[in-house]
Amino acid sequence: MTVLTALLRPGRARTLAAFALAAALLLLAPAVLSPFRLDLLAKFLCLAMVAVGIGLAWGRGGLLTLGQGVYFGLGAYLMAMHLKLADAGPGGVPDFMLLYGTGQVPGWWEPLRSPVSAILLVLLVPAALAALLGWAVFTRRVRGAYFAILSQALAAAFAILLIGQQQTTGGTNGLNGFRAFFGYDLADPVNKQMLYLIAAGVLLVMVAVVRWLTVSRFGELLVAVRDQEDRVRFLGYDPALVKVVAYVVAAVMAAVGGALFVPIAGIISPADVGVVPSIGFLIGVAIGGRATLLGPVLGSIAVSWAQTSISEQFPSGWIYFQGALFILVIAFLPGGLASVAGKLRRRRAAAPPGEAAPGDAAPDAGPGPELVPERSPA
Amino acid sequence: MDIIAQLFAGLSLGSVLLLAALGLSLTFGQMGVINMAHGEFMMAGAYTAFVVQGVVGDAGVSLLVALPLGFVVGGLLGLLLEATLIHRMYRRPLDTLLVTWGVALVLQQVARDVFGAPNVDVSAPAWLSGAVEIGGLALPRTRLFILALAAVCVVALALALRATPLGRRIRAVVQNRDLAEASGISSRATDRVTFFIGSGLAGIAGVALTLLGSVGPTLGTNYIVDAFLVVVAGGIGQIKGTVIAAMALGLMQAFFEYSTTASVAKVLVFVAIVAFLQLRPQGLVSVRTRSLA
């Protein structure tokens with residue numbers, strides 16, 4: 001009961017309670033779910049990490065990034081390459097290279113042999129790419145739809161590049177058949193459970209980081225840049241820098257999600273990182289409430305779960321369902337499900353005249369930056 | 001010799017991109033609507049050609065019937081989309097992108113359920129088979145036809161925008177919606193017509209693509225990203241930029257592909273566009289306004 005009342009109160013107490021509830025549910029899951037379902041949930045948690053980053057960049061910052069699959073894929077491929085090398089043993093060659101390639105490990109794979117440098121690269125490579133692209137694009141004030149299209153083109157180019165390099169990236173098949181994760185046997189259910197707990201812990205840390213960022217001065221600036229970029233510039237801040245930071249944070253979160261996805265799912269292929277999955281990440285964020293803290297996580301998990309259960313029964317049904325979700329949620333409920341409660345409350349409050357709507361009802365779950373016309377005519 | 005062959009390959013690819021992007025230069029460039037379903041309108045045009053060929057039989061006649069019919073099919077789909085969804089969202093361009101992506105997913109799956117997942121083939125007419133020999137260089141007639149078709153579409157669109165009353169209305173609404181309305185132009189009707197023409201051009205592009213390969217549900221997805229890049233690099237507002245950007249992209253892809261591989265070429269083209277936007281963030285040809293860039 002106390003948890004419930006705390007949930008309804010705005011501010012810090014509510015956030016803490018929601019966070020504690022989420023943590024408790026995640027910790028309880030191994031006790032009630034079958035190993036197969038737990039494995040699925042662990043996979044969904046990795047995809048939810050991408051959603052947390054998108055929630056920050058898109059929901060708070062208005063950066064419609066259609067290419068998060070690139071960072072997810074970079075993290076995943078770097079981890080997969082390390083696992084492949086570790087499986088092959090010191091000086092060994094991954095199996096698929098013997099099949100398709102020259103039988104030699106290419107030079108740029110070598111840094112991934114050591115576990116420490118592999119983890120560092122998982123974090124640094126996506127961050128560097130995001131920083132470079134973000135810096136190039138945002139400082140030149142390329143924004144809105146232009147940025148969205150560029151990020152999508154990046155995803156397309158990345159997937160095509162991966163497919164084209166059969167000898168060194170596994171091509172269309174991707175990388176799969178991992179036996180161990182940093183020395184722990186992946187066939188052992190205990191280690192599977194450990195991976196789930198790692199994923200759950202990392203996800204909770206990410207949510208906490210986003211919460212900390214959004215209440216900080218940076219979070220205020222990010223929302224300000226989303227809503228009125230020019231005014232932020234006139235106040236003496238550099239909007240490009242704010243955007244780059246948000247974009248890099250989102251990229252790193254996607255990369256970590258990808259890196260954990262690999263040992264859990266056991267495969268990464270270009271089909272997981274291209275244009276279609278990259279946009280697919282967005283729908284969960286939109287349903288949950290793009291500008292809320294937990295909305296992207298819950299929405300993303302719900303969408304992944306729906307995808308699995310619908311595809312099991314009607315193979316073509318999922319695509320119709322996903323298409324319908326995009327149309328209905330974005331067109332008619334841009335604030336996501338998180339905004340429904342606020343809307344209802346406001347409607348009820350509107351009934352007795354003279355009473356103002358509560359201000360805390362989904363404060364920025366509205367359509368956000370898009371309310372400002374992109375191009376003002378002359 | 002080789003260079004001329006690459007030049008032709010590039011121009012040919014450019015003309016395909018141009019056909020795909022021309023409709024976008026109207027709907028995205030002029031109206032600011034990001035229509036991700038544009039690629040699926042192309043797919044609809046391609047399937048129109050397939051159906052027409054099944055009914056008419058003769059490949060030569062069916063192509064000539066399919067071109068205007070593809071325009072109408074694409075246009076009507078666009079009209080439907082505009083009237084049901086897009087007109088509510090003119091003030092939320094980024095959200096339009098996601099909504100039309102949903103529409104694109106649904107259209108793809110409809111095509112898969114109606115025509116089957118495997119690709120279908122449309123045979124090219126006899127008068128387009130073979131190649132024209134110019135200076136020892138064999139230029140496929142289908143490619144030449146698409147080049148000519150792209151040129152005709154550009155000229156027709158430019159003339160329509162410049163010299164007809166309809167074109168004047170479209171330009172007026174784009175430049176200043178309020179003033180256009182105050183002068184008695186129905187901006188709603190103009191929006192619909194603009195969207196009809198832009199989507200219809202996608203249908204024509206789809207029909208043309210049947211000459212180059214087989215038709216599948218994901219036909220549009222393969223072109224939509226490049227088509228949008230063309231419009232971004234070309235700059236919004238004018239067809240001139242779209243034409244130059246399409247040809248430049250086609251040539252770059254062809255020449256990079258010649259010296260590396262197709263997949264590396266794609267990445268290089270992307271890098272080139274990002275670098276180009278460093279110089280001209282608004283694209284090649286941009287309308288100068290006093291708004292903050």
# chains A, B, ... in the order shown; residues from 1 in each chain; ligands from 1

$ closest_atom_pairs --of "chain B" --to "chain A" --cutoff "7 Å" --atoms "only C-alpha atoms" --output "tab-separated table"
residue	atom	partner	partner_atom	distance
B:Arg91	CA	A:Leu371	CA	5.8
B:Arg92	CA	A:Glu370	CA	4.4
B:Pro93	CA	A:Glu370	CA	6.4
B:Leu94	CA	A:Ala145	CA	6.2
B:Asp95	CA	A:Ile330	CA	6.3
B:Leu98	CA	A:Phe326	CA	6.3
B:Val99	CA	A:Ile327	CA	4.5
B:Gly102	CA	A:Gly323	CA	3.8
B:Val103	CA	A:Gly323	CA	6.0
B:Leu105	CA	A:Gly323	CA	5.3
B:Val106	CA	A:Tyr320	CA	5.3
B:Gln109	CA	A:Ile319	CA	6.7
B:Gln175	CA	A:Pro377	CA	6.2
B:Asn176	CA	A:Pro377	CA	6.2
B:Val225	CA	A:Ala153	CA	6.0
B:Phe228	CA	A:Ile149	CA	6.8
B:Leu229	CA	A:Ile149	CA	7.0
B:Val232	CA	A:Tyr146	CA	6.5
B:Ser263	CA	A:Leu161	CA	5.0
B:Val264	CA	A:Leu161	CA	6.2
B:Lys266	CA	A:Ala157	CA	5.8
B:Val267	CA	A:Ala157	CA	5.3
B:Gln278	CA	A:Arg140	CA	6.1
B:Pro281	CA	A:Val142	CA	5.9
B:Thr289	CA	A:Ala378	CA	4.7
B:Arg290	CA	A:Ala378	CA	5.6
B:Ser291	CA	A:Ala378	CA	6.1
B:Ala293	CA	A:Arg141	CA	7.0

$ residues_around --residues "Pro296 in chain A" --least-positions-apart "6" --cutoff "9 Å" --atoms "only C-alpha atoms" --output "list in words"
Ala48, Ala51, Val52, Gly53, Ile54, Gly55, Leu282, Gly284, Val285, Ala286, Ile287, Gly288, Gly289 and Arg290 of chain A

$ select_by_dssp --residues "range 187-317 of chain A" --states "helix (DSSP H, G or I)" --output "ChimeraX atom specification"
/A:189-215,217-227,229-234,239-265,270-272,275-288,295-313,317

$ select_by_dssp --residues "range 21-191 of chain A" --states "strand (DSSP E or B)" --output "number ranges by chain"
A: 175-176, 180-181, 184-185

$ residues_around --residues "Tyr184 in chain A" --least-positions-apart "3" --cutoff "12 Å" --atoms "only C-alpha atoms" --output "ChimeraX atom specification"
/A:83,86-87,178-181,187-195,263

$ atom_distance --atom1 "CA of Arg112 in chain B" --atom2 "CA of Gly216 in chain B"
8.1 Å

$ residues_around --residues "Ala265 in chain B" --least-positions-apart "4" --cutoff "12 Å" --atoms "only C-alpha atoms" --output "number ranges by chain"
A: 157-158, 160-161, 164; B: 249-261, 269-272

$ write_last_selection --atoms "N, CA and C atoms" --output "CSV table (one decimal), in the first residue's frame"
chain,number,residue,atom,x,y,z
A,157,ALA,N,24.2,1.6,-44.7
A,157,ALA,CA,25.5,1.4,-45.1
A,157,ALA,C,26.2,0.3,-44.3
A,158,PHE,N,26.0,0.4,-43.0
A,158,PHE,CA,26.6,-0.6,-42.0
A,158,PHE,C,26.2,-2.0,-42.3
A,160,ILE,N,25.1,-3.2,-45.1
A,160,ILE,CA,25.6,-3.6,-46.4
A,160,ILE,C,27.1,-4.0,-46.3
A,161,LEU,N,27.8,-3.2,-45.5
A,161,LEU,CA,29.2,-3.4,-45.3
A,161,LEU,C,29.4,-4.8,-44.7
A,164,GLY,N,28.9,-7.5,-47.1
A,164,GLY,CA,29.9,-7.6,-48.1
A,164,GLY,C,31.2,-8.3,-47.7
B,249,LEU,N,25.3,11.2,-57.1
B,249,LEU,CA,25.3,10.0,-56.3
B,249,LEU,C,25.5,8.8,-57.2
B,250,GLY,N,24.8,8.7,-58.3
B,250,GLY,CA,24.9,7.6,-59.2
B,250,GLY,C,26.3,7.4,-59.7
B,251,LEU,N,26.9,8.5,-60.1
B,251,LEU,CA,28.3,8.5,-60.7
B,251,LEU,C,29.2,8.1,-59.6
B,252,MET,N,29.1,8.7,-58.4
B,252,MET,CA,30.0,8.3,-57.3
B,252,MET,C,29.9,6.8,-57.0
B,253,GLN,N,28.7,6.3,-56.9
B,253,GLN,CA,28.5,4.9,-56.6
B,253,GLN,C,29.2,4.1,-57.7
B,254,ALA,N,29.0,4.4,-58.9
B,254,ALA,CA,29.6,3.6,-60.0
B,254,ALA,C,31.1,3.7,-60.0
B,255,PHE,N,31.7,4.8,-59.7
B,255,PHE,CA,33.1,4.9,-59.8
B,255,PHE,C,33.8,4.3,-58.5
B,256,PHE,N,33.2,4.5,-57.4
B,256,PHE,CA,33.7,3.9,-56.2
B,256,PHE,C,33.6,2.3,-56.3
B,257,GLU,N,32.5,1.9,-56.9
B,257,GLU,CA,32.3,0.5,-57.0
B,257,GLU,C,33.3,-0.1,-58.0
B,258,TYR,N,33.7,0.7,-59.0
B,258,TYR,CA,34.7,0.2,-59.9
B,258,TYR,C,36.1,0.0,-59.3
B,259,SER,N,36.4,0.9,-58.3
B,259,SER,CA,37.7,0.9,-57.7
B,259,SER,C,37.7,0.1,-56.4
B,260,THR,N,36.5,-0.2,-55.8
B,260,THR,CA,36.5,-1.0,-54.6
B,260,THR,C,35.5,-2.1,-54.8
B,261,THR,N,34.6,-2.3,-53.8
B,261,THR,CA,33.5,-3.2,-54.0
B,261,THR,C,32.2,-2.4,-53.8
B,269,VAL,N,30.1,6.6,-50.3
B,269,VAL,CA,29.1,7.6,-50.7
B,269,VAL,C,28.5,8.2,-49.5
B,270,PHE,N,28.2,7.4,-48.5
B,270,PHE,CA,27.6,8.0,-47.3
B,270,PHE,C,28.6,9.0,-46.6
B,271,VAL,N,29.8,8.6,-46.6
B,271,VAL,CA,30.8,9.5,-46.0
B,271,VAL,C,30.9,10.8,-46.8
B,272,ALA,N,30.9,10.6,-48.2
B,272,ALA,CA,30.9,11.8,-49.0
B,272,ALA,C,29.8,12.8,-48.8

$ closest_residue --among "B:Thr164, B:Ser186, B:Asn119, B:Thr27" --to "Thr218 in chain B" --atoms "only C-alpha atoms"
B:Asn119

$ residues_around --residues "range 70-84 of chain B" --least-positions-apart "4" --cutoff "8 Å" --atoms "only C-alpha atoms" --output "VMD selection string"
chain B and resid 41 to 42 44 to 46 48 to 49 66 88 192 to 193 195 to 204 206 to 207

$ decode --residues "range 92-138 of chain A" --atoms "N, CA and C atoms" --output "compact mmCIF listing (two decimals), in the first residue's frame"
# COMPACT_ATOMS: atom_id res chain seq x y z
N GLY A 92 44.56 -19.20 -32.15
CA GLY A 92 43.67 -19.97 -33.02
C GLY A 92 42.93 -19.09 -34.01
N VAL A 93 42.26 -19.75 -34.95
CA VAL A 93 41.51 -19.05 -35.99
C VAL A 93 40.04 -19.46 -35.86
N PRO A 94 39.09 -18.48 -35.83
CA PRO A 94 37.67 -18.81 -35.74
C PRO A 94 37.24 -19.73 -36.89
N ASP A 95 36.27 -20.63 -36.57
CA ASP A 95 35.91 -21.67 -37.54
C ASP A 95 35.46 -21.12 -38.89
N PHE A 96 34.63 -20.04 -38.88
CA PHE A 96 34.07 -19.61 -40.16
C PHE A 96 35.15 -19.04 -41.09
N MET A 97 36.25 -18.54 -40.49
CA MET A 97 37.32 -18.00 -41.33
C MET A 97 38.03 -19.13 -42.10
N LEU A 98 38.09 -20.30 -41.44
CA LEU A 98 38.69 -21.44 -42.15
C LEU A 98 37.80 -21.85 -43.32
N LEU A 99 36.48 -21.66 -43.14
CA LEU A 99 35.54 -22.07 -44.18
C LEU A 99 35.54 -21.10 -45.36
N TYR A 100 35.37 -19.80 -45.05
CA TYR A 100 35.16 -18.82 -46.12
C TYR A 100 36.39 -17.96 -46.40
N GLY A 101 37.21 -17.77 -45.38
CA GLY A 101 38.27 -16.78 -45.53
C GLY A 101 39.60 -17.41 -45.91
N THR A 102 40.64 -16.69 -45.57
CA THR A 102 41.97 -17.13 -45.94
C THR A 102 42.55 -18.08 -44.90
N GLY A 103 41.84 -18.26 -43.77
CA GLY A 103 42.40 -19.07 -42.70
C GLY A 103 43.36 -18.27 -41.83
N GLN A 104 43.47 -16.98 -42.11
CA GLN A 104 44.31 -16.08 -41.30
C GLN A 104 43.41 -15.11 -40.55
N VAL A 105 43.76 -14.81 -39.34
CA VAL A 105 43.00 -13.80 -38.61
C VAL A 105 43.46 -12.42 -39.08
N PRO A 106 42.53 -11.58 -39.60
CA PRO A 106 42.96 -10.26 -40.07
C PRO A 106 43.48 -9.41 -38.93
N GLY A 107 44.38 -8.50 -39.25
CA GLY A 107 45.06 -7.71 -38.24
C GLY A 107 44.12 -6.95 -37.33
N TRP A 108 43.01 -6.44 -37.89
CA TRP A 108 42.14 -5.61 -37.05
C TRP A 108 41.31 -6.43 -36.08
N TRP A 109 41.39 -7.76 -36.17
CA TRP A 109 40.73 -8.59 -35.17
C TRP A 109 41.61 -8.76 -33.94
N GLU A 110 42.93 -8.63 -34.12
CA GLU A 110 43.87 -9.00 -33.05
C GLU A 110 43.63 -8.28 -31.73
N PRO A 111 43.33 -6.96 -31.72
CA PRO A 111 43.14 -6.29 -30.42
C PRO A 111 42.03 -6.92 -29.59
N LEU A 112 41.13 -7.69 -30.24
CA LEU A 112 39.99 -8.23 -29.51
C LEU A 112 40.32 -9.54 -28.80
N ARG A 113 41.56 -10.00 -28.92
CA ARG A 113 41.90 -11.25 -28.24
C ARG A 113 41.83 -11.10 -26.73
N SER A 114 42.31 -9.97 -26.22
CA SER A 114 42.34 -9.81 -24.76
C SER A 114 40.96 -9.35 -24.27
N PRO A 115 40.45 -9.96 -23.20
CA PRO A 115 39.12 -9.60 -22.70
C PRO A 115 39.02 -8.13 -22.31
N VAL A 116 40.09 -7.60 -21.71
CA VAL A 116 40.03 -6.21 -21.24
C VAL A 116 39.87 -5.26 -22.42
N SER A 117 40.71 -5.46 -23.44
CA SER A 117 40.62 -4.52 -24.56
C SER A 117 39.33 -4.74 -25.32
N ALA A 118 38.78 -5.96 -25.31
CA ALA A 118 37.50 -6.18 -25.98
C ALA A 118 36.41 -5.35 -25.31
N ILE A 119 36.39 -5.37 -23.97
CA ILE A 119 35.36 -4.60 -23.26
C ILE A 119 35.55 -3.11 -23.52
N LEU A 120 36.80 -2.68 -23.49
CA LEU A 120 37.06 -1.25 -23.74
C LEU A 120 36.60 -0.87 -25.14
N LEU A 121 36.91 -1.73 -26.12
CA LEU A 121 36.54 -1.40 -27.49
C LEU A 121 35.02 -1.37 -27.67
N VAL A 122 34.32 -2.27 -26.97
CA VAL A 122 32.85 -2.27 -27.05
C VAL A 122 32.31 -0.90 -26.64
N LEU A 123 32.96 -0.29 -25.66
CA LEU A 123 32.50 1.02 -25.20
C LEU A 123 33.03 2.15 -26.08
N LEU A 124 34.29 2.04 -26.50
CA LEU A 124 34.95 3.19 -27.12
C LEU A 124 34.63 3.34 -28.61
N VAL A 125 34.57 2.23 -29.33
CA VAL A 125 34.35 2.35 -30.78
C VAL A 125 33.01 3.01 -31.10
N PRO A 126 31.89 2.51 -30.51
CA PRO A 126 30.62 3.18 -30.80
C PRO A 126 30.62 4.63 -30.33
N ALA A 127 31.22 4.88 -29.16
CA ALA A 127 31.26 6.25 -28.66
C ALA A 127 32.00 7.15 -29.64
N ALA A 128 33.12 6.65 -30.17
CA ALA A 128 33.91 7.46 -31.09
C ALA A 128 33.14 7.73 -32.38
N LEU A 129 32.49 6.69 -32.92
CA LEU A 129 31.73 6.88 -34.16
C LEU A 129 30.59 7.88 -33.94
N ALA A 130 29.86 7.70 -32.82
CA ALA A 130 28.75 8.60 -32.54
C ALA A 130 29.25 10.03 -32.35
N ALA A 131 30.37 10.18 -31.65
CA ALA A 131 30.91 11.52 -31.42
C ALA A 131 31.32 12.16 -32.74
N LEU A 132 31.96 11.38 -33.59
CA LEU A 132 32.42 11.92 -34.87
C LEU A 132 31.24 12.34 -35.74
N LEU A 133 30.29 11.42 -35.90
CA LEU A 133 29.14 11.73 -36.76
C LEU A 133 28.32 12.86 -36.14
N GLY A 134 28.07 12.76 -34.83
CA GLY A 134 27.28 13.78 -34.16
C GLY A 134 27.93 15.14 -34.27
N TRP A 135 29.24 15.16 -34.03
CA TRP A 135 29.94 16.44 -34.12
C TRP A 135 29.85 17.01 -35.54
N ALA A 136 30.09 16.16 -36.55
CA ALA A 136 30.05 16.62 -37.94
C ALA A 136 28.66 17.15 -38.30
N VAL A 137 27.64 16.48 -37.81
CA VAL A 137 26.28 16.82 -38.23
C VAL A 137 25.73 17.99 -37.42
N PHE A 138 25.88 17.93 -36.09
CA PHE A 138 25.21 18.92 -35.26
C PHE A 138 25.89 20.28 -35.29
